[in-house]
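Q: Data: run-v3.pdb, PDB, C-alpha atoms.
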```
ATOM      1  CA  MET A   1       8.755 -30.520  42.450
ATOM      2  CA  ASN A   2       9.555 -33.187  39.903
ATOM      3  CA  PRO A   3      13.225 -32.968  38.708
ATOM      4  CA  THR A   4      12.166 -33.082  35.032
ATOM      5  CA  SER A   5       9.644 -30.262  35.429
ATOM      6  CA  GLN A   6      12.276 -27.551  36.062
ATOM      7  CA  PRO A   7      13.827 -27.758  32.549
ATOM      8  CA  ARG A   8      10.340 -27.865  31.112
ATOM      9  CA  LEU A   9       9.350 -24.717  33.033
ATOM     10  CA  GLN A  10      12.520 -22.996  31.871
ATOM     11  CA  TRP A  11      11.716 -23.953  28.288
ATOM     12  CA  LEU A  12       8.145 -22.622  28.594
ATOM     13  CA  LEU A  13       9.415 -19.384  30.108
ATOM     14  CA  PHE A  14      11.920 -19.009  27.282
ATOM     15  CA  LEU A  15       9.209 -19.704  24.704
ATOM     16  CA  LYS A  16       6.877 -17.112  26.254
ATOM     17  CA  LEU A  17       9.613 -14.476  26.352
ATOM     18  CA  PHE A  18      10.566 -15.265  22.761
ATOM     19  CA  CYS A  19       6.953 -14.873  21.590
ATOM     20  CA  VAL A  20       6.564 -11.581  23.450
ATOM     21  CA  SER A  21       9.798 -10.238  21.948
ATOM     22  CA  LEU A  22       8.637 -11.242  18.460
ATOM     23  CA  PHE A  23       5.324  -9.510  19.043
ATOM     24  CA  LEU A  24       7.059  -6.334  20.156
ATOM     25  CA  HIS A  25       9.562  -6.486  17.308
ATOM     26  CA  PHE A  26       7.116  -6.937  14.445
ATOM     27  CA  HIS A  27       4.730  -4.060  13.940
ATOM     28  CA  THR A  28       1.394  -4.322  12.214
ATOM     29  CA  SER A  29       2.838  -2.515   9.234
ATOM     30  CA  TYR A  30       6.119  -1.379   7.798
ATOM     31  CA  GLY A  31       4.355   0.630   5.098
ATOM     32  CA  ASP A  32       4.356   4.304   4.310
ATOM     33  CA  VAL A  33       1.352   6.561   4.666
ATOM     34  CA  GLY A  34       0.190   8.916   1.938
ATOM     35  CA  THR A  35      -2.792   9.996  -0.107
ATOM     36  CA  ALA A  36      -4.313   8.752  -3.318
ATOM     37  CA  ALA A  37      -6.556  10.342  -5.899
ATOM     38  CA  LEU A  38      -8.686   8.921  -8.689
ATOM     39  CA  TYR A  39      -6.957   8.263 -12.046
ATOM     40  CA  SER A  40      -9.578   8.376 -14.809
ATOM     41  CA  PRO A  41      -9.164   7.281 -18.432
ATOM     42  CA  PRO A  42      -7.666   7.680 -20.940
ATOM     43  CA  TYR A  43      -4.729   5.712 -19.562
ATOM     44  CA  LEU A  44      -2.492   5.687 -22.653
ATOM     45  CA  HIS A  45       0.230   7.187 -23.368
ATOM     46  CA  THR A  46       2.125   6.491 -20.113
ATOM     47  CA  ALA A  47       5.518   7.723 -18.955
ATOM     48  CA  CYS A  48       6.631   4.167 -18.212
ATOM     49  CA  TYR A  49       5.540   2.201 -21.257
ATOM     50  CA  GLY A  50       4.333   4.631 -23.900
ATOM     51  CA  SER A  51       1.391   3.309 -25.900
ATOM     52  CA  ASP A  52       1.881  -0.375 -25.007
ATOM     53  CA  ALA A  53      -1.521  -1.525 -23.732
ATOM     54  CA  SER A  54      -0.027  -4.800 -22.467
ATOM     55  CA  GLN A  55       1.563  -2.829 -19.618
ATOM     56  CA  PHE A  56      -1.688  -2.815 -17.683
ATOM     57  CA  PRO A  57      -2.332  -5.751 -15.354
ATOM     58  CA  SER A  58      -5.396  -7.820 -16.226
ATOM     59  CA  SER A  59      -6.869  -6.887 -12.843
ATOM     60  CA  ASN A  60      -6.823  -3.178 -13.871
ATOM     61  CA  LEU A  61      -5.196  -2.403 -10.517
ATOM     62  CA  PHE A  62      -2.571   0.176 -11.453
ATOM     63  CA  ALA A  63      -1.453   3.680 -10.559
ATOM     64  CA  ALA A  64       0.600   6.702 -11.509
ATOM     65  CA  ALA A  65       3.393   7.739  -9.153
ATOM     66  CA  SER A  66       4.086  11.157  -7.676
ATOM     67  CA  ASP A  67       7.522  12.686  -7.239
ATOM     68  CA  ARG A  68       7.573  11.215  -3.737
ATOM     69  CA  ILE A  69       7.995   7.667  -5.097
ATOM     70  CA  TRP A  70       8.888   8.291  -8.779
ATOM     71  CA  ASP A  71      12.654   7.810  -8.273
ATOM     72  CA  ASN A  72      13.521   9.074 -11.796
ATOM     73  CA  GLY A  73      11.371   6.366 -13.358
ATOM     74  CA  ALA A  74      12.857   3.442 -11.429
ATOM     75  CA  VAL A  75       9.409   2.899  -9.902
ATOM     76  CA  CYS A  76       7.961   1.815 -13.284
ATOM     77  CA  GLY A  77       6.625  -1.712 -12.971
ATOM     78  CA  ARG A  78       6.977  -1.835  -9.191
ATOM     79  CA  GLN A  79       4.100  -3.321  -7.305
ATOM     80  CA  TYR A  80       2.696  -1.984  -4.061
ATOM     81  CA  LEU A  81       0.242  -3.303  -1.537
ATOM     82  CA  VAL A  82      -2.206  -0.473  -0.909
ATOM     83  CA  ARG A  83      -5.020  -0.085   1.571
ATOM     84  CA  CYS A  84      -7.274   2.800   2.454
ATOM     85  CA  ILE A  85      -6.999   4.129   5.996
ATOM     86  CA  THR A  86      -9.683   6.134   7.710
ATOM     87  CA  SER A  87      -9.228   9.510   9.314
ATOM     88  CA  THR A  88     -11.419  11.670  11.481
ATOM     89  CA  SER A  89     -12.197  13.913   8.516
ATOM     90  CA  THR A  90     -13.232  10.965   6.292
ATOM     91  CA  PRO A  91     -14.433   8.196   8.641
ATOM     92  CA  ASP A  92     -16.509   6.369   5.999
ATOM     93  CA  ALA A  93     -14.150   6.723   3.036
ATOM     94  CA  CYS A  94     -12.737   3.180   3.100
ATOM     95  CA  ASN A  95     -13.779  -0.360   2.375
ATOM     96  CA  GLN A  96     -12.442  -1.854   5.591
ATOM     97  CA  ASN A  97      -9.928  -4.709   5.520
ATOM     98  CA  GLN A  98      -9.373  -4.407   1.768
ATOM     99  CA  THR A  99      -5.790  -4.491   0.485
ATOM    100  CA  ILE A 100      -4.930  -4.492  -3.211
ATOM    101  CA  LEU A 101      -1.766  -5.071  -5.223
ATOM    102  CA  ILE A 102      -1.187  -2.294  -7.770
ATOM    103  CA  LYS A 103       1.436  -1.775 -10.468
ATOM    104  CA  ILE A 104       2.988   1.619 -11.216
ATOM    105  CA  VAL A 105       2.589   2.407 -14.932
ATOM    106  CA  ASP A 106       2.755   6.187 -15.154
ATOM    107  CA  TYR A 107       4.122   9.409 -13.702
ATOM    108  CA  MET A 108       1.675  12.022 -12.463
ATOM    109  CA  GLY A 109       4.039  14.963 -12.758
ATOM    110  CA  ARG A 110       2.867  15.678 -16.284
ATOM    111  CA  PRO A 111      -0.421  16.200 -18.184
ATOM    112  CA  PRO A 112      -3.169  14.916 -18.189
ATOM    113  CA  PHE A 113      -3.005  14.964 -14.387
ATOM    114  CA  ALA A 114      -4.705  17.918 -12.766
ATOM    115  CA  LEU A 115      -2.687  20.236 -10.587
ATOM    116  CA  SER A 116      -4.940  19.220  -7.688
ATOM    117  CA  THR A 117      -3.470  15.693  -7.741
ATOM    118  CA  TYR A 118       0.142  16.837  -7.388
ATOM    119  CA  ASN A 119       0.058  16.686  -3.589
ATOM    120  CA  THR A 120      -0.960  13.035  -3.546
ATOM    121  CA  THR A 121       1.386  10.050  -3.353
ATOM    122  CA  MET A 122      -0.231   8.127  -6.186
ATOM    123  CA  VAL A 123      -3.217   8.281  -8.466
ATOM    124  CA  LEU A 124      -5.145   5.011  -8.615
ATOM    125  CA  SER A 125      -7.038   3.625 -11.609
ATOM    126  CA  ASN A 126     -10.834   3.618 -11.374
ATOM    127  CA  THR A 127     -10.795  -0.096 -10.534
ATOM    128  CA  ALA A 128      -8.086   0.252  -7.873
ATOM    129  CA  PHE A 129      -9.686   3.293  -6.248
ATOM    130  CA  GLY A 130     -13.117   1.651  -6.265
ATOM    131  CA  SER A 131     -11.711  -1.511  -4.683
ATOM    132  CA  ILE A 132     -10.466   0.197  -1.523
ATOM    133  CA  ALA A 133     -12.600   3.360  -1.290
ATOM    134  CA  ASN A 134     -16.210   3.263  -0.193
ATOM    135  CA  SER A 135     -18.386   3.973  -3.230
ATOM    136  CA  SER A 136     -20.521   6.342  -1.168
ATOM    137  CA  THR A 137     -17.585   8.598  -0.310
ATOM    138  CA  ALA A 138     -17.940  12.054  -1.787
ATOM    139  CA  SER A 139     -14.192  12.566  -1.935
ATOM    140  CA  SER A 140     -11.931  11.624  -4.819
ATOM    141  CA  TYR A 141      -9.006  11.582  -2.362
ATOM    142  CA  ILE A 142      -8.291   8.971   0.289
ATOM    143  CA  ASN A 143      -5.593   8.332   2.853
ATOM    144  CA  ILE A 144      -3.570   5.221   2.097
ATOM    145  CA  GLU A 145      -0.954   2.962   3.560
ATOM    146  CA  PHE A 146       1.332   1.328   1.014
ATOM    147  CA  GLU A 147       4.374  -0.897   0.866
ATOM    148  CA  GLN A 148       6.416  -2.442  -1.894
TER
END
```
Taking this structure as input, can you express it in the form of structure tokens?
A:
Amino acid sequence: MNPTSQPRLQWLLFLKLFCVSLFLHFHTSYGDVGTAALYSPPYLHTACYGSDASQFPSSNLFAAASDRIWDNGAVCGRQYLVRCITSTSTPDACNQNQTILIKIVDYMGRPPFALSTYNTTMVLSNTAFGSIANSSTASSYINIEFEQ
């Protein structure tokens, strides 16, 4: 064995172990899992910004927060990466590999939100919901993964 090859082998072994430990340390996601419903217009008057129409992002990717993430209004303006995740009960509900960035602009613990949406994590605007949910899905509820 060449005397210079032993340090090189040690270095390669270290590098392989380091890469494996990184792989095991970093998970595919650090996000939370929840549900989302469809948030239909009218979108004004919101709990976060009142009647200020400039609150809405130009992409129209926004949502109303449930009590789970509301945090006494501190969530207003926060942005979340959101993606639809499939389940056995709704295998075709999602546009696969589609992640969107939404902004929280409202609170869903008050009218005009239907009582049926109160068990969801967030209510997505038509544009946001349509971006991650399969248009052929019959459900107005989807499972989501989200992270700030």
Q: Kindly give the distance, in Å, that separates atom CA of A:Ser139 and atom CA of A:Thr90, rounded to a single decimal.
A: 8.4 Å
Q: Smallest atom-to-atom distance to A:Val123: which of A:Phe146, A:Tyr39, A:Tyr107, A:Tyr141, using all atoms listed in the file?
A: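 Comparing A:Phe146, A:Tyr39, A:Tyr107, A:Tyr141 against A:Val123, the winner is A:Tyr39.
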Q: Check which residues satisfy the PyMOL selection byres ((chain A and resi 42-45) around 10) in the file shown, then give them as a PDB file with C-alpha atoms, keeping the file's coordinate frame.
A:
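Writing the result to expr_28.pdb gives the following:
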```
ATOM      1  CA  TYR A  39      -6.957   8.263 -12.046  1.00  0.00           C
ATOM      2  CA  SER A  40      -9.578   8.376 -14.809  1.00  0.00           C
ATOM      3  CA  PRO A  41      -9.164   7.281 -18.432  1.00  0.00           C
ATOM      4  CA  THR A  46       2.125   6.491 -20.113  1.00  0.00           C
ATOM      5  CA  ALA A  47       5.518   7.723 -18.955  1.00  0.00           C
ATOM      6  CA  CYS A  48       6.631   4.167 -18.212  1.00  0.00           C
ATOM      7  CA  TYR A  49       5.540   2.201 -21.257  1.00  0.00           C
ATOM      8  CA  GLY A  50       4.333   4.631 -23.900  1.00  0.00           C
ATOM      9  CA  SER A  51       1.391   3.309 -25.900  1.00  0.00           C
ATOM     10  CA  ASP A  52       1.881  -0.375 -25.007  1.00  0.00           C
ATOM     11  CA  ALA A  53      -1.521  -1.525 -23.732  1.00  0.00           C
ATOM     12  CA  GLN A  55       1.563  -2.829 -19.618  1.00  0.00           C
ATOM     13  CA  PHE A  56      -1.688  -2.815 -17.683  1.00  0.00           C
ATOM     14  CA  ALA A  63      -1.453   3.680 -10.559  1.00  0.00           C
ATOM     15  CA  ALA A  64       0.600   6.702 -11.509  1.00  0.00           C
ATOM     16  CA  VAL A 105       2.589   2.407 -14.932  1.00  0.00           C
ATOM     17  CA  ASP A 106       2.755   6.187 -15.154  1.00  0.00           C
ATOM     18  CA  PRO A 112      -3.169  14.916 -18.189  1.00  0.00           C
ATOM     19  CA  SER A 125      -7.038   3.625 -11.609  1.00  0.00           C
TER      20      SER A 125
END
```
Q: Interatomic distance between atom CA of A:Arg68 and atom CA of A:Thr88?
A: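 One can read the atom CA of A:Arg68 to atom CA of A:Thr88 distance as 24.3 Å.
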Q: For this file, the PyMOL selection byres ((chain A and resi 32) around 7) selects which residues, as a list in words?
A: Tyr30, Gly31, Val33, Gly34, Glu145, Phe146 and Glu147 of chain A
Q: Residue by residue, what does the PyMOL selection byres ((chain A and resi 121) around 6) grab here? Present the result as a VMD selection string.
A: chain A and resid 34 to 36 66 120 122
Q: Would you pick out the contacts of A:Lys103 at 6 Å or less, using all atoms listed in the file, so that residues sharing its chain but fewer than 5 positions from it are not included, and give the list as a PyMOL selection string?
A: chain A and resi 62+77-79
Q: Under the rule of at most 10 Å, produce a per-residue listing of stretch 59-122 of chain A near stretch 128-136 of chain A: chain, number, name, the closest pair of atoms, and the distance in Å, as JSON lines, using all atoms listed in the file.
A:
```
{"residue": "A:Ser59", "atom": "CA", "partner": "A:Ala128", "partner_atom": "CA", "distance": 8.8}
{"residue": "A:Asn60", "atom": "CA", "partner": "A:Ala128", "partner_atom": "CA", "distance": 7.0}
{"residue": "A:Leu61", "atom": "CA", "partner": "A:Ala128", "partner_atom": "CA", "distance": 4.7}
{"residue": "A:Phe62", "atom": "CA", "partner": "A:Ala128", "partner_atom": "CA", "distance": 6.6}
{"residue": "A:Ala63", "atom": "CA", "partner": "A:Ala128", "partner_atom": "CA", "distance": 7.9}
{"residue": "A:Val82", "atom": "CA", "partner": "A:Ile132", "partner_atom": "CA", "distance": 8.3}
{"residue": "A:Arg83", "atom": "CA", "partner": "A:Ile132", "partner_atom": "CA", "distance": 6.3}
{"residue": "A:Cys84", "atom": "CA", "partner": "A:Ile132", "partner_atom": "CA", "distance": 5.7}
{"residue": "A:Ile85", "atom": "CA", "partner": "A:Ile132", "partner_atom": "CA", "distance": 9.2}
{"residue": "A:Thr86", "atom": "CA", "partner": "A:Ala133", "partner_atom": "CA", "distance": 9.9}
{"residue": "A:Asp92", "atom": "CA", "partner": "A:Asn134", "partner_atom": "CA", "distance": 6.9}
{"residue": "A:Ala93", "atom": "CA", "partner": "A:Asn134", "partner_atom": "CA", "distance": 5.2}
{"residue": "A:Cys94", "atom": "CA", "partner": "A:Ala133", "partner_atom": "CA", "distance": 4.4}
{"residue": "A:Asn95", "atom": "CA", "partner": "A:Asn134", "partner_atom": "CA", "distance": 5.1}
{"residue": "A:Gln96", "atom": "CA", "partner": "A:Ile132", "partner_atom": "CA", "distance": 7.7}
{"residue": "A:Asn97", "atom": "CA", "partner": "A:Ile132", "partner_atom": "CA", "distance": 8.6}
{"residue": "A:Gln98", "atom": "CA", "partner": "A:Ile132", "partner_atom": "CA", "distance": 5.8}
{"residue": "A:Thr99", "atom": "CA", "partner": "A:Ile132", "partner_atom": "CA", "distance": 6.9}
{"residue": "A:Ile100", "atom": "CA", "partner": "A:Ala128", "partner_atom": "CA", "distance": 7.4}
{"residue": "A:Leu101", "atom": "CA", "partner": "A:Ala128", "partner_atom": "CA", "distance": 8.7}
{"residue": "A:Ile102", "atom": "CA", "partner": "A:Ala128", "partner_atom": "CA", "distance": 7.4}
```
Q: Find the distance between atom CA of A:Thr127 and atom CA of A:Asn72 and write it in Å to one decimal.
A: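 Result for atom CA of A:Thr127 versus atom CA of A:Asn72: 26.0 Å, one decimal.
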